[in-house]
>>> print(open('query.pdb').read())   # PDB, C-alpha atoms and all ligand atoms
MODEL        1
ATOM      1  CA  MET A 214      93.583 105.197 104.048
ATOM      2  CA  LYS A 215      95.725 102.100 104.448
ATOM      3  CA  ILE A 216      99.243 101.842 103.011
ATOM      4  CA  VAL A 217     101.308  98.669 103.278
ATOM      5  CA  ALA A 218     105.069  98.860 102.789
ATOM      6  CA  ILE A 219     106.921  95.942 101.253
ATOM      7  CA  VAL A 220     110.643  96.000 101.990
ATOM      8  CA  GLY A 221     112.768  93.773  99.777
ATOM      9  CA  SER A 222     115.306  93.044 102.495
ATOM     10  CA  LEU A 223     115.038  90.984 105.664
ATOM     11  CA  ARG A 224     118.434  92.189 106.908
ATOM     12  CA  ARG A 225     118.379  93.316 110.540
ATOM     13  CA  ASP A 226     119.915  96.739 109.850
ATOM     14  CA  SER A 227     118.410  97.086 106.390
ATOM     15  CA  LEU A 228     118.751 100.554 104.921
ATOM     16  CA  ASN A 229     115.547  99.984 102.998
ATOM     17  CA  ARG A 230     113.642  99.022 106.114
ATOM     18  CA  GLN A 231     114.890 102.170 107.811
ATOM     19  CA  LEU A 232     113.786 104.137 104.745
ATOM     20  CA  ALA A 233     110.348 102.511 105.010
ATOM     21  CA  GLU A 234     110.174 103.497 108.675
ATOM     22  CA  ALA A 235     111.076 107.076 107.738
ATOM     23  CA  ALA A 236     108.346 107.009 105.100
ATOM     24  CA  GLY A 237     105.845 106.028 107.769
ATOM     25  CA  ARG A 238     106.823 109.065 109.798
ATOM     26  CA  GLU A 239     106.362 111.295 106.736
ATOM     27  CA  LEU A 240     102.914 109.826 106.091
ATOM     28  CA  ALA A 241     101.908 110.362 109.714
ATOM     29  CA  GLY A 242     102.967 113.998 109.359
ATOM     30  CA  ILE A 243     100.728 114.370 106.309
ATOM     31  CA  ASP A 244      97.730 112.632 107.854
ATOM     32  CA  PRO A 245      97.886 110.934 111.277
ATOM     33  CA  SER A 246      94.879 108.787 110.361
ATOM     34  CA  ILE A 247      96.821 106.919 107.655
ATOM     35  CA  ASP A 248      97.110 103.267 108.638
ATOM     36  CA  TYR A 249     100.694 102.380 107.694
ATOM     37  CA  SER A 250     102.479  99.109 108.310
ATOM     38  CA  ILE A 251     105.480  97.208 107.010
ATOM     39  CA  LEU A 252     104.580  93.751 105.741
ATOM     40  CA  ASP A 253     106.236  90.870 107.574
ATOM     41  CA  TRP A 254     107.039  88.335 104.859
ATOM     42  CA  SER A 255     109.917  86.674 106.701
ATOM     43  CA  GLN A 256     108.088  83.322 106.903
ATOM     44  CA  VAL A 257     106.978  83.162 103.258
ATOM     45  CA  PRO A 258     108.498  80.000 101.766
ATOM     46  CA  VAL A 259     110.108  79.588  98.377
ATOM     47  CA  LEU A 260     107.288  79.149  95.883
ATOM     48  CA  ASN A 261     106.746  75.562  94.903
ATOM     49  CA  GLN A 262     103.510  74.764  93.110
ATOM     50  CA  ASP A 263     103.288  71.520  95.064
ATOM     51  CA  ILE A 264     102.502  73.607  98.184
ATOM     52  CA  GLU A 265     100.406  76.263  96.463
ATOM     53  CA  HIS A 266      96.987  75.017  97.656
ATOM     54  CA  PRO A 267      96.079  75.550 100.353
ATOM     55  CA  ALA A 268      98.377  78.543 100.570
ATOM     56  CA  PRO A 269     100.887  78.452 103.423
ATOM     57  CA  GLU A 270      99.731  80.499 106.403
ATOM     58  CA  ALA A 271     102.354  83.232 105.881
ATOM     59  CA  VAL A 272     101.279  83.604 102.255
ATOM     60  CA  GLY A 273      97.608  83.883 103.199
ATOM     61  CA  ALA A 274      98.458  86.530 105.783
ATOM     62  CA  ALA A 275     100.554  88.510 103.277
ATOM     63  CA  ARG A 276      97.790  88.339 100.677
ATOM     64  CA  ALA A 277      95.202  89.525 103.200
ATOM     65  CA  GLU A 278      97.374  92.472 104.207
ATOM     66  CA  VAL A 279      97.928  93.511 100.599
ATOM     67  CA  ALA A 280      94.283  92.987  99.644
ATOM     68  CA  SER A 281      93.130  95.274 102.453
ATOM     69  CA  ALA A 282      95.519  98.097 101.487
ATOM     70  CA  ASP A 283      94.650 101.140  99.392
ATOM     71  CA  GLY A 284      98.242 101.310  98.189
ATOM     72  CA  ILE A 285     101.531  99.430  98.345
ATOM     73  CA  TRP A 286     104.854 101.215  98.812
ATOM     74  CA  PHE A 287     107.845  99.125  97.728
ATOM     75  CA  PHE A 288     111.326  99.710  99.157
ATOM     76  CA  THR A 289     113.828  97.718  97.186
ATOM     77  CA  PRO A 290     117.532  97.048  97.562
ATOM     78  CA  GLU A 291     119.581  96.441  94.445
ATOM     79  CA  TYR A 292     121.200  93.018  94.029
ATOM     80  CA  ASN A 293     123.273  92.621  90.863
ATOM     81  CA  HIS A 294     121.405  95.465  89.165
ATOM     82  CA  PHE A 295     118.099  93.750  89.936
ATOM     83  CA  PHE A 296     115.692  93.630  92.838
ATOM     84  CA  PRO A 297     116.315  90.782  95.312
ATOM     85  CA  GLY A 298     115.116  87.269  94.597
ATOM     86  CA  GLY A 299     113.238  87.203  97.911
ATOM     87  CA  LEU A 300     111.085  90.089  96.728
ATOM     88  CA  LYS A 301     110.424  88.337  93.410
ATOM     89  CA  ASN A 302     109.394  85.225  95.344
ATOM     90  CA  LEU A 303     106.968  87.230  97.465
ATOM     91  CA  VAL A 304     105.462  88.964  94.416
ATOM     92  CA  ASP A 305     105.155  85.601  92.671
ATOM     93  CA  TRP A 306     103.091  84.299  95.590
ATOM     94  CA  LEU A 307     100.961  87.448  95.588
ATOM     95  CA  SER A 308     100.452  87.132  91.835
ATOM     96  CA  ARG A 309      98.634  83.812  92.037
ATOM     97  CA  PRO A 310      94.856  83.423  92.292
ATOM     98  CA  GLN A 311      93.865  82.594  95.841
ATOM     99  CA  SER A 312      92.821  79.165  97.059
ATOM    100  CA  ASP A 313      89.140  80.205  97.094
ATOM    101  CA  GLY A 314      89.394  81.217  93.439
ATOM    102  CA  SER A 315      89.389  84.954  94.081
ATOM    103  CA  PRO A 316      91.778  86.933  91.875
ATOM    104  CA  GLN A 317      95.336  87.917  92.637
ATOM    105  CA  VAL A 318      95.631  90.767  95.088
ATOM    106  CA  LEU A 319      97.967  93.126  93.203
ATOM    107  CA  ALA A 320      95.804  93.908  90.166
ATOM    108  CA  GLY A 321      94.720  97.534  90.065
ATOM    109  CA  LYS A 322      96.494  98.313  93.320
ATOM    110  CA  PRO A 323      98.414 101.629  93.376
ATOM    111  CA  ALA A 324     102.149 101.272  93.959
ATOM    112  CA  ALA A 325     105.027 103.591  94.838
ATOM    113  CA  ILE A 326     108.679 102.572  94.578
ATOM    114  CA  SER A 327     111.721 103.735  96.522
ATOM    115  CA  GLY A 328     115.142 102.338  97.289
ATOM    116  CA  ILE A 329     118.498 103.021  98.869
ATOM    117  CA  THR A 330     121.824 101.404  98.165
ATOM    118  CA  PRO A 331     125.484 101.860  99.066
ATOM    119  CA  GLY A 332     126.251 102.001  95.343
ATOM    120  CA  MET A 333     125.854 104.903  92.943
ATOM    121  CA  SER A 334     122.743 103.701  91.088
ATOM    122  CA  GLY A 335     120.508 104.411  94.070
ATOM    123  CA  THR A 336     118.527 101.271  93.044
ATOM    124  CA  GLY A 337     117.390 102.846  89.767
ATOM    125  CA  LEU A 338     118.157  99.698  87.818
ATOM    126  CA  ALA A 339     116.411  97.466  90.343
ATOM    127  CA  GLN A 340     113.397  99.780  90.310
ATOM    128  CA  ASP A 341     113.139  99.645  86.516
ATOM    129  CA  HIS A 342     113.007  95.850  86.669
ATOM    130  CA  LEU A 343     110.428  96.022  89.453
ATOM    131  CA  VAL A 344     108.285  98.343  87.326
ATOM    132  CA  THR A 345     108.340  95.749  84.550
ATOM    133  CA  LEU A 346     107.153  93.045  86.947
ATOM    134  CA  LEU A 347     104.480  95.129  88.666
ATOM    135  CA  SER A 348     103.189  96.456  85.343
ATOM    136  CA  PHE A 349     102.725  92.924  84.098
ATOM    137  CA  LEU A 350     100.630  92.271  87.200
ATOM    138  CA  ASN A 351      98.456  95.299  86.406
ATOM    139  CA  MET A 352      99.493  97.366  89.381
ATOM    140  CA  ARG A 353      98.841 101.101  89.001
ATOM    141  CA  ILE A 354     102.370 102.433  89.394
ATOM    142  CA  MET A 355     103.225 105.974  90.387
ATOM    143  CA  ASN A 356     106.262 106.325  88.117
ATOM    144  CA  GLN A 357     106.984 109.887  89.157
ATOM    145  CA  PRO A 358     108.276 110.655  91.609
ATOM    146  CA  ARG A 359     110.311 107.592  92.412
ATOM    147  CA  LEU A 360     113.000 107.839  95.066
ATOM    148  CA  THR A 361     116.565 106.598  94.484
ATOM    149  CA  ILE A 362     119.156 107.164  97.202
ATOM    150  CA  PRO A 363     122.828 106.342  96.414
ATOM    151  CA  SER A 364     125.796 106.091  98.826
ATOM    152  CA  GLY A 365     123.492 104.827 101.563
ATOM    153  CA  PHE A 366     126.191 103.751 104.019
ATOM    154  CA  SER A 367     127.516 107.305 104.130
ATOM    155  CA  LEU A 368     124.136 108.323 105.582
ATOM    156  CA  VAL A 369     124.402 105.920 108.534
ATOM    157  CA  LYS A 370     125.328 107.642 111.801
ATOM    158  CA  ASP A 371     125.676 105.562 114.970
ATOM    159  CA  GLY A 372     123.946 102.691 113.186
ATOM    160  CA  ARG A 373     120.932 104.739 112.159
ATOM    161  CA  LEU A 374     120.004 106.069 108.722
ATOM    162  CA  GLU A 375     119.903 109.852 108.562
ATOM    163  CA  LEU A 376     118.501 110.943 105.236
ATOM    164  CA  GLY A 377     119.822 114.492 105.225
ATOM    165  CA  GLU A 378     119.322 116.038 101.781
ATOM    166  CA  SER A 379     117.143 113.087 100.732
ATOM    167  CA  GLN A 380     114.585 113.742 103.478
ATOM    168  CA  PRO A 381     112.672 116.365 101.432
ATOM    169  CA  ARG A 382     112.628 113.980  98.463
ATOM    170  CA  LEU A 383     111.042 111.322 100.668
ATOM    171  CA  ALA A 384     108.526 113.891 101.911
ATOM    172  CA  THR A 385     107.689 114.833  98.326
ATOM    173  CA  GLN A 386     107.146 111.203  97.362
ATOM    174  CA  ALA A 387     104.975 110.553 100.416
ATOM    175  CA  ALA A 388     102.758 113.542  99.606
ATOM    176  CA  ALA A 389     102.590 112.522  95.947
ATOM    177  CA  PHE A 390     101.551 108.980  96.855
ATOM    178  CA  VAL A 391      98.803 110.183  99.186
ATOM    179  CA  ALA A 392      97.521 112.425  96.355
ATOM    180  CA  PHE A 393      97.854 109.528  93.879
ATOM    181  CA  LEU A 394      95.729 107.324  96.153
ATOM    182  CA  GLY A 395      93.105 110.027  96.348
ATOM    183  CA  ARG A 396      92.636 110.104  92.588
TER     184      ARG A 396
HETATM  185  C1  LIG A 401     123.905  89.570  96.125
HETATM  186  C2  LIG A 401     124.128  91.043  96.290
HETATM  187  C3  LIG A 401     124.243  91.826  95.167
HETATM  188  C4  LIG A 401     124.395  93.216  95.272
HETATM  189  N1  LIG A 401     124.411  93.979  94.155
HETATM  190  C5  LIG A 401     124.399  95.335  94.262
HETATM  191  C6  LIG A 401     124.241  96.151  93.096
HETATM  192  O1  LIG A 401     124.098  95.684  91.991
HETATM  193  N2  LIG A 401     124.227  97.506  93.262
HETATM  194  C7  LIG A 401     124.350  98.067  94.512
HETATM  195  O2  LIG A 401     124.333  99.290  94.613
HETATM  196  N3  LIG A 401     124.490  97.308  95.624
HETATM  197  C8  LIG A 401     124.512  95.966  95.539
HETATM  198  N4  LIG A 401     124.598  95.177  96.656
HETATM  199  C9  LIG A 401     124.738  95.820  97.973
HETATM  200  C10 LIG A 401     123.364  96.071  98.588
HETATM  201  O3  LIG A 401     122.746  97.138  97.900
HETATM  202  C11 LIG A 401     123.543  96.422 100.066
HETATM  203  O4  LIG A 401     123.943  95.255 100.757
HETATM  204  C12 LIG A 401     122.288  97.024 100.672
HETATM  205  O5  LIG A 401     122.611  97.498 101.951
HETATM  206  C13 LIG A 401     121.141  96.021 100.728
HETATM  207  O6  LIG A 401     119.954  96.659 101.146
HETATM  208  P1  LIG A 401     119.481  96.636 102.686
HETATM  209  O7  LIG A 401     120.450  97.532 103.434
HETATM  210  O8  LIG A 401     118.111  97.179 102.674
HETATM  211  O9  LIG A 401     119.560  95.227 103.186
HETATM  212  C14 LIG A 401     124.478  93.805  96.561
HETATM  213  C15 LIG A 401     124.359  92.985  97.703
HETATM  214  C16 LIG A 401     124.178  91.630  97.569
HETATM  215  C17 LIG A 401     124.013  90.769  98.809
ENDMDL
END
>>> encode(input="query.pdb", output="structure tokens")
Amino acid sequence: MKIVAIVGSLRRDSLNRQLAEAAGRELAGIDPSIDYSILDWSQVPVLNQDIEHPAPEAVGAARAEVASADGIWFFTPEYNHFFPGGLKNLVDWLSRPQSDGSPQVLAGKPAAISGITPGMSGTGLAQDHLVTLLSFLNMRIMNQPRLTIPSGFSLVKDGRLELGESQPRLATQAAAFVAFLGR
């Protein structure tokens, strides 16, 4: 089983990236054979239809990673009660038919959604918007459980995220997503 994580932040100390790393450890505890990786989309350019074909190398690589996955686990920050524009740009690239005419890579793909934020919403608003986008693209979304973690900076100790009471919620979501992929 292959799961690709998409983190909506490129920030060096990203809370969401650290959450994605913690998710990988949970998945390994469930089944060490799960192939889990965090997508590197740092080189994906701003979408401009003038450069759509042939797809830029970083876009082709991202599409190939997503296409080969059994499921996609999104980890989104919340920017202005929305998910970040960089994540929208990446999904827009993924949503386009490929240069060889094959269909977009997100359709039918199972998706889980999590997020952590310093604010009180825990990314719930951003996640709702992301659900709208991913639904339009025909992803098969696991709507429950979703994971929202508020007050994220209070969970950082010596620069590292320590999930504390949220750890079991992450474990529950990881197990639910593995079961969801098996259905
Ligand atoms: C443009 C911008 C808008 C933001 N808006 C929100 C917001 O609406 N709600 C919130 O809880 N945090 C907001 N934040 C704070 C981010 O959630 C915080 O920087 C978080 O750590 C980003 O995720 P990351 O740690 O994975 O990079 C905003 C940050 C930026 C840069």
>>> resolve_selection(input="query.pdb", expression="the PyMOL selection byres (((chain A and resi 252) around 7) and not hetatm)", output="ChimeraX atom specification")
/A:217-219,250-251,253-254
>>> resolve_selection(input="query.pdb", expression="the PyMOL selection byres (((chain A and resi 265) around 12) and not hetatm)", output="list in words")
Val257, Pro258, Val259, Leu260, Asn261, Gln262, Asp263, Ile264, His266, Pro267, Ala268, Pro269, Glu270, Ala271, Val272, Gly273, Asp305, Trp306, Leu307, Ser308, Arg309, Pro310, Gln311, Ser312 and Asp313 of chain A
>>> residues_around(input="query.pdb", residues="A:Phe295", least_positions_apart="2", cutoff="7 Å", atoms="only C-alpha atoms", output="ChimeraX atom specification")
/A:291-293,297,338-339,342
>>> residues_around(input="query.pdb", residues="A:Ser227", least_positions_apart="5", cutoff="10 Å", atoms="all atoms listed in the file", output="number ranges by chain")
A: 220-222, 232-233, 290, 329-330, 373-374
>>> write_last_selection(input="query.pdb", atoms="C-alpha atoms", output="compact mmCIF listing (two decimals), keeping the file's coordinate frame")
# COMPACT_ATOMS: atom_id res chain seq x y z
CA VAL A 220 110.64 96.00 101.99
CA GLY A 221 112.77 93.77 99.78
CA SER A 222 115.31 93.04 102.50
CA LEU A 232 113.79 104.14 104.74
CA ALA A 233 110.35 102.51 105.01
CA PRO A 290 117.53 97.05 97.56
CA ILE A 329 118.50 103.02 98.87
CA THR A 330 121.82 101.40 98.16
CA ARG A 373 120.93 104.74 112.16
CA LEU A 374 120.00 106.07 108.72
>>> resolve_selection(input="query.pdb", expression="the PyMOL selection byres (((chain A and resi 389) around 12) and not hetatm)", output="PyMOL selection string")
chain A and resi 239-240+243+286+323-326+355-360+382-388+390-396
>>> closest_residue(input="query.pdb", among="A:Ile354, A:Ala280, A:Met214, A:Leu223", to="ligand LIG 401 (chain A)", atoms="all atoms listed in the file")
A:Leu223
>>> build_atoms(input="query.pdb", residues="stretch 222-241 of chain A", atoms="N, CA and C atoms", output="mmCIF file, keeping the file's coordinate frame")
data_model
loop_
_atom_site.group_PDB
_atom_site.id
_atom_site.type_symbol
_atom_site.label_atom_id
_atom_site.label_comp_id
_atom_site.auth_asym_id
_atom_site.auth_seq_id
_atom_site.Cartn_x
_atom_site.Cartn_y
_atom_site.Cartn_z
ATOM 1 N N SER A 222 114.162 93.532 101.725
ATOM 2 C CA SER A 222 115.306 93.044 102.495
ATOM 3 C C SER A 222 114.832 92.597 103.853
ATOM 4 N N LEU A 223 115.344 91.452 104.309
ATOM 5 C CA LEU A 223 115.038 90.984 105.664
ATOM 6 C C LEU A 223 116.216 91.242 106.598
ATOM 7 N N ARG A 224 117.226 91.935 106.116
ATOM 8 C CA ARG A 224 118.434 92.189 106.908
ATOM 9 C C ARG A 224 118.092 93.016 108.146
ATOM 10 N N ARG A 225 118.706 92.654 109.263
ATOM 11 C CA ARG A 225 118.379 93.316 110.540
ATOM 12 C C ARG A 225 118.527 94.837 110.452
ATOM 13 N N ASP A 226 119.653 95.295 109.904
ATOM 14 C CA ASP A 226 119.915 96.739 109.850
ATOM 15 C C ASP A 226 119.619 97.310 108.466
ATOM 16 N N SER A 227 118.718 96.693 107.771
ATOM 17 C CA SER A 227 118.410 97.086 106.390
ATOM 18 C C SER A 227 118.210 98.595 106.222
ATOM 19 N N LEU A 228 118.949 99.138 105.264
ATOM 20 C CA LEU A 228 118.751 100.554 104.921
ATOM 21 C C LEU A 228 117.348 100.775 104.395
ATOM 22 N N ASN A 229 116.874 99.820 103.606
ATOM 23 C CA ASN A 229 115.547 99.984 102.998
ATOM 24 C C ASN A 229 114.437 99.901 104.035
ATOM 25 N N ARG A 230 114.638 99.060 105.038
ATOM 26 C CA ARG A 230 113.642 99.022 106.114
ATOM 27 C C ARG A 230 113.637 100.349 106.875
ATOM 28 N N GLN A 231 114.822 100.871 107.119
ATOM 29 C CA GLN A 231 114.890 102.170 107.811
ATOM 30 C C GLN A 231 114.260 103.277 106.955
ATOM 31 N N LEU A 232 114.432 103.163 105.640
ATOM 32 C CA LEU A 232 113.786 104.137 104.745
ATOM 33 C C LEU A 232 112.259 103.990 104.827
ATOM 34 N N ALA A 233 111.795 102.746 104.888
ATOM 35 C CA ALA A 233 110.348 102.511 105.010
ATOM 36 C C ALA A 233 109.815 103.071 106.323
ATOM 37 N N GLU A 234 110.607 102.939 107.380
ATOM 38 C CA GLU A 234 110.174 103.497 108.675
ATOM 39 C C GLU A 234 110.108 105.028 108.589
ATOM 40 N N ALA A 235 111.083 105.616 107.912
ATOM 41 C CA ALA A 235 111.076 107.076 107.738
ATOM 42 C C ALA A 235 109.868 107.514 106.906
ATOM 43 N N ALA A 236 109.523 106.699 105.926
ATOM 44 C CA ALA A 236 108.346 107.009 105.100
ATOM 45 C C ALA A 236 107.080 107.010 105.950
ATOM 46 N N GLY A 237 107.001 106.073 106.872
ATOM 47 C CA GLY A 237 105.845 106.028 107.769
ATOM 48 C C GLY A 237 105.717 107.303 108.592
ATOM 49 N N ARG A 238 106.859 107.812 109.028
ATOM 50 C CA ARG A 238 106.823 109.065 109.798
ATOM 51 C C ARG A 238 106.368 110.235 108.914
ATOM 52 N N GLU A 239 106.812 110.239 107.663
ATOM 53 C CA GLU A 239 106.362 111.295 106.736
ATOM 54 C C GLU A 239 104.852 111.211 106.522
ATOM 55 N N LEU A 240 104.357 109.994 106.323
ATOM 56 C CA LEU A 240 102.914 109.826 106.091
ATOM 57 C C LEU A 240 102.116 110.281 107.307
ATOM 58 N N ALA A 241 102.616 109.952 108.490
ATOM 59 C CA ALA A 241 101.908 110.362 109.714
ATOM 60 C C ALA A 241 101.871 111.881 109.826
#
